[in-house]
Amino acid sequence: MTDGDLFPQVPPVSGEHCCLCGRWSIAPVAIGYGSMSGSVSVTHHVCAEHVHARGPCTADHTTRGPGR
């Protein structure tokens, strides 16, 4: 047994917030693309529950996490 076996590395959490309900989804579906001022591209994601729903995006795309 080695030191690495005692403390396994946890993979980073992946996913996105749903643009319609705001809940975190580990399996987001991209439904559209857009851009913000300063030519920053934005991908709109929804959770599986809202794949066929319509409505305005309620996500705050101005905050970006590390590595994004």
# chains A, B, ... in the order shown; residues from 1 in each chain; ligands from 1

$ select_by_dssp --residues "chain A" --states "strand (DSSP E)" --output "number ranges by chain"
A: 16-17, 24-25, 29-36, 40-46

$ residues_around --residues "range 15-30 of chain A" --least-positions-apart "4" --cutoff "12 Å" --atoms "only C-alpha atoms" --output "list of chain:residue names"
A:Gly34, A:Val42, A:Thr43, A:His44, A:His45, A:Val46, A:Cys47, A:Ala48, A:Glu49, A:His50, A:Val51, A:His52, A:Ala53, A:Arg54, A:Gly55, A:Pro56, A:Cys57, A:Thr58, A:Ala59, A:Asp60, A:His61, A:Thr63, A:Arg64, A:Gly65, A:Arg68

$ write_last_selection --atoms "N, CA, C and O atoms" --output "mmCIF file, in the first residue's frame"
data_model
loop_
_atom_site.group_PDB
_atom_site.id
_atom_site.type_symbol
_atom_site.label_atom_id
_atom_site.label_comp_id
_atom_site.auth_asym_id
_atom_site.auth_seq_id
_atom_site.Cartn_x
_atom_site.Cartn_y
_atom_site.Cartn_z
ATOM 1 N N GLY A 34 -24.764 32.423 -26.986
ATOM 2 C CA GLY A 34 -24.924 33.864 -27.118
ATOM 3 C C GLY A 34 -23.622 34.549 -26.800
ATOM 4 O O GLY A 34 -22.589 33.914 -26.596
ATOM 5 N N VAL A 42 -21.239 32.811 -24.352
ATOM 6 C CA VAL A 42 -22.016 32.189 -23.286
ATOM 7 C C VAL A 42 -22.739 30.988 -23.854
ATOM 8 O O VAL A 42 -23.318 31.063 -24.935
ATOM 9 N N THR A 43 -22.702 29.877 -23.138
ATOM 10 C CA THR A 43 -23.468 28.702 -23.508
ATOM 11 C C THR A 43 -24.602 28.558 -22.510
ATOM 12 O O THR A 43 -24.380 28.561 -21.304
ATOM 13 N N HIS A 44 -25.826 28.463 -23.015
ATOM 14 C CA HIS A 44 -26.992 28.302 -22.154
ATOM 15 C C HIS A 44 -27.253 26.814 -21.962
ATOM 16 O O HIS A 44 -27.362 26.068 -22.934
ATOM 17 N N HIS A 45 -27.346 26.402 -20.691
ATOM 18 C CA HIS A 45 -27.588 25.005 -20.342
ATOM 19 C C HIS A 45 -28.885 24.882 -19.560
ATOM 20 O O HIS A 45 -29.269 25.810 -18.843
ATOM 21 N N VAL A 46 -29.535 23.740 -19.684
ATOM 22 C CA VAL A 46 -30.715 23.435 -18.879
ATOM 23 C C VAL A 46 -30.557 22.038 -18.294
ATOM 24 O O VAL A 46 -29.782 21.219 -18.794
ATOM 25 N N CYS A 47 -31.324 21.776 -17.245
ATOM 26 C CA CYS A 47 -31.338 20.442 -16.645
ATOM 27 C C CYS A 47 -32.254 19.547 -17.488
ATOM 28 O O CYS A 47 -32.983 20.028 -18.363
ATOM 29 N N ALA A 48 -32.243 18.260 -17.228
ATOM 30 C CA ALA A 48 -33.039 17.317 -18.011
ATOM 31 C C ALA A 48 -34.533 17.615 -17.914
ATOM 32 O O ALA A 48 -35.288 17.378 -18.856
ATOM 33 N N GLU A 49 -34.966 18.192 -16.808
ATOM 34 C CA GLU A 49 -36.382 18.500 -16.614
ATOM 35 C C GLU A 49 -36.861 19.627 -17.538
ATOM 36 O O GLU A 49 -38.020 19.689 -17.910
ATOM 37 N N HIS A 50 -35.974 20.523 -17.925
ATOM 38 C CA HIS A 50 -36.360 21.684 -18.725
ATOM 39 C C HIS A 50 -35.874 21.639 -20.177
ATOM 40 O O HIS A 50 -35.844 22.673 -20.842
ATOM 41 N N VAL A 51 -35.535 20.470 -20.678
ATOM 42 C CA VAL A 51 -35.039 20.362 -22.053
ATOM 43 C C VAL A 51 -36.077 20.865 -23.055
ATOM 44 O O VAL A 51 -35.737 21.544 -24.014
ATOM 45 N N HIS A 52 -37.335 20.593 -22.826
ATOM 46 C CA HIS A 52 -38.380 20.989 -23.772
ATOM 47 C C HIS A 52 -39.154 22.211 -23.302
ATOM 48 O O HIS A 52 -40.175 22.560 -23.894
ATOM 49 N N ALA A 53 -38.694 22.887 -22.276
ATOM 50 C CA ALA A 53 -39.377 24.075 -21.753
ATOM 51 C C ALA A 53 -38.860 25.328 -22.449
ATOM 52 O O ALA A 53 -37.760 25.353 -22.987
ATOM 53 N N ARG A 54 -39.661 26.363 -22.398
ATOM 54 C CA ARG A 54 -39.259 27.651 -22.957
ATOM 55 C C ARG A 54 -39.352 28.693 -21.854
ATOM 56 O O ARG A 54 -40.142 28.578 -20.951
ATOM 57 N N GLY A 55 -38.534 29.699 -21.966
ATOM 58 C CA GLY A 55 -38.573 30.781 -21.000
ATOM 59 C C GLY A 55 -37.277 31.560 -21.035
ATOM 60 O O GLY A 55 -36.301 31.143 -21.658
ATOM 61 N N PRO A 56 -37.268 32.699 -20.360
ATOM 62 C CA PRO A 56 -36.049 33.509 -20.352
ATOM 63 C C PRO A 56 -34.963 32.881 -19.480
ATOM 64 O O PRO A 56 -35.254 32.189 -18.512
ATOM 65 N N CYS A 57 -33.739 33.130 -19.836
ATOM 66 C CA CYS A 57 -32.605 32.635 -19.059
ATOM 67 C C CYS A 57 -32.532 33.425 -17.754
ATOM 68 O O CYS A 57 -32.538 34.650 -17.757
ATOM 69 N N THR A 58 -32.464 32.717 -16.641
ATOM 70 C CA THR A 58 -32.384 33.366 -15.335
ATOM 71 C C THR A 58 -31.000 33.223 -14.715
ATOM 72 O O THR A 58 -30.781 33.674 -13.608
ATOM 73 N N ALA A 59 -30.072 32.598 -15.435
ATOM 74 C CA ALA A 59 -28.726 32.377 -14.903
ATOM 75 C C ALA A 59 -27.905 33.649 -14.954
ATOM 76 O O ALA A 59 -28.067 34.481 -15.850
ATOM 77 N N ASP A 60 -27.014 33.797 -13.997
ATOM 78 C CA ASP A 60 -26.088 34.940 -13.974
ATOM 79 C C ASP A 60 -24.801 34.497 -14.648
ATOM 80 O O ASP A 60 -23.966 33.819 -14.071
ATOM 81 N N HIS A 61 -24.629 34.880 -15.902
ATOM 82 C CA HIS A 61 -23.457 34.467 -16.663
ATOM 83 C C HIS A 61 -22.260 35.398 -16.460
ATOM 84 O O HIS A 61 -21.236 35.227 -17.103
ATOM 85 N N THR A 63 -20.666 35.833 -13.517
ATOM 86 C CA THR A 63 -19.718 35.233 -12.582
ATOM 87 C C THR A 63 -19.167 33.972 -13.201
ATOM 88 O O THR A 63 -19.901 33.155 -13.718
ATOM 89 N N ARG A 64 -17.878 33.823 -13.152
ATOM 90 C CA ARG A 64 -17.220 32.661 -13.739
ATOM 91 C C ARG A 64 -16.352 32.011 -12.691
ATOM 92 O O ARG A 64 -15.645 32.684 -11.960
ATOM 93 N N GLY A 65 -16.420 30.694 -12.608
ATOM 94 C CA GLY A 65 -15.650 29.953 -11.630
ATOM 95 C C GLY A 65 -14.201 29.804 -12.044
ATOM 96 O O GLY A 65 -13.792 30.225 -13.121
ATOM 97 N N ARG A 68 -12.406 28.789 -15.825
ATOM 98 C CA ARG A 68 -13.426 28.968 -16.864
ATOM 99 C C ARG A 68 -13.173 30.204 -17.623
ATOM 100 O O ARG A 68 -12.598 31.101 -17.286
#

$ atom_distance --atom1 "CA of Thr62 in chain A" --atom2 "CA of Ile31 in chain A"
18.4 Å

$ select_by_dssp --residues "chain A" --states "alpha helix (DSSP H)" --output "PyMOL selection string"
chain A and resi 3-6
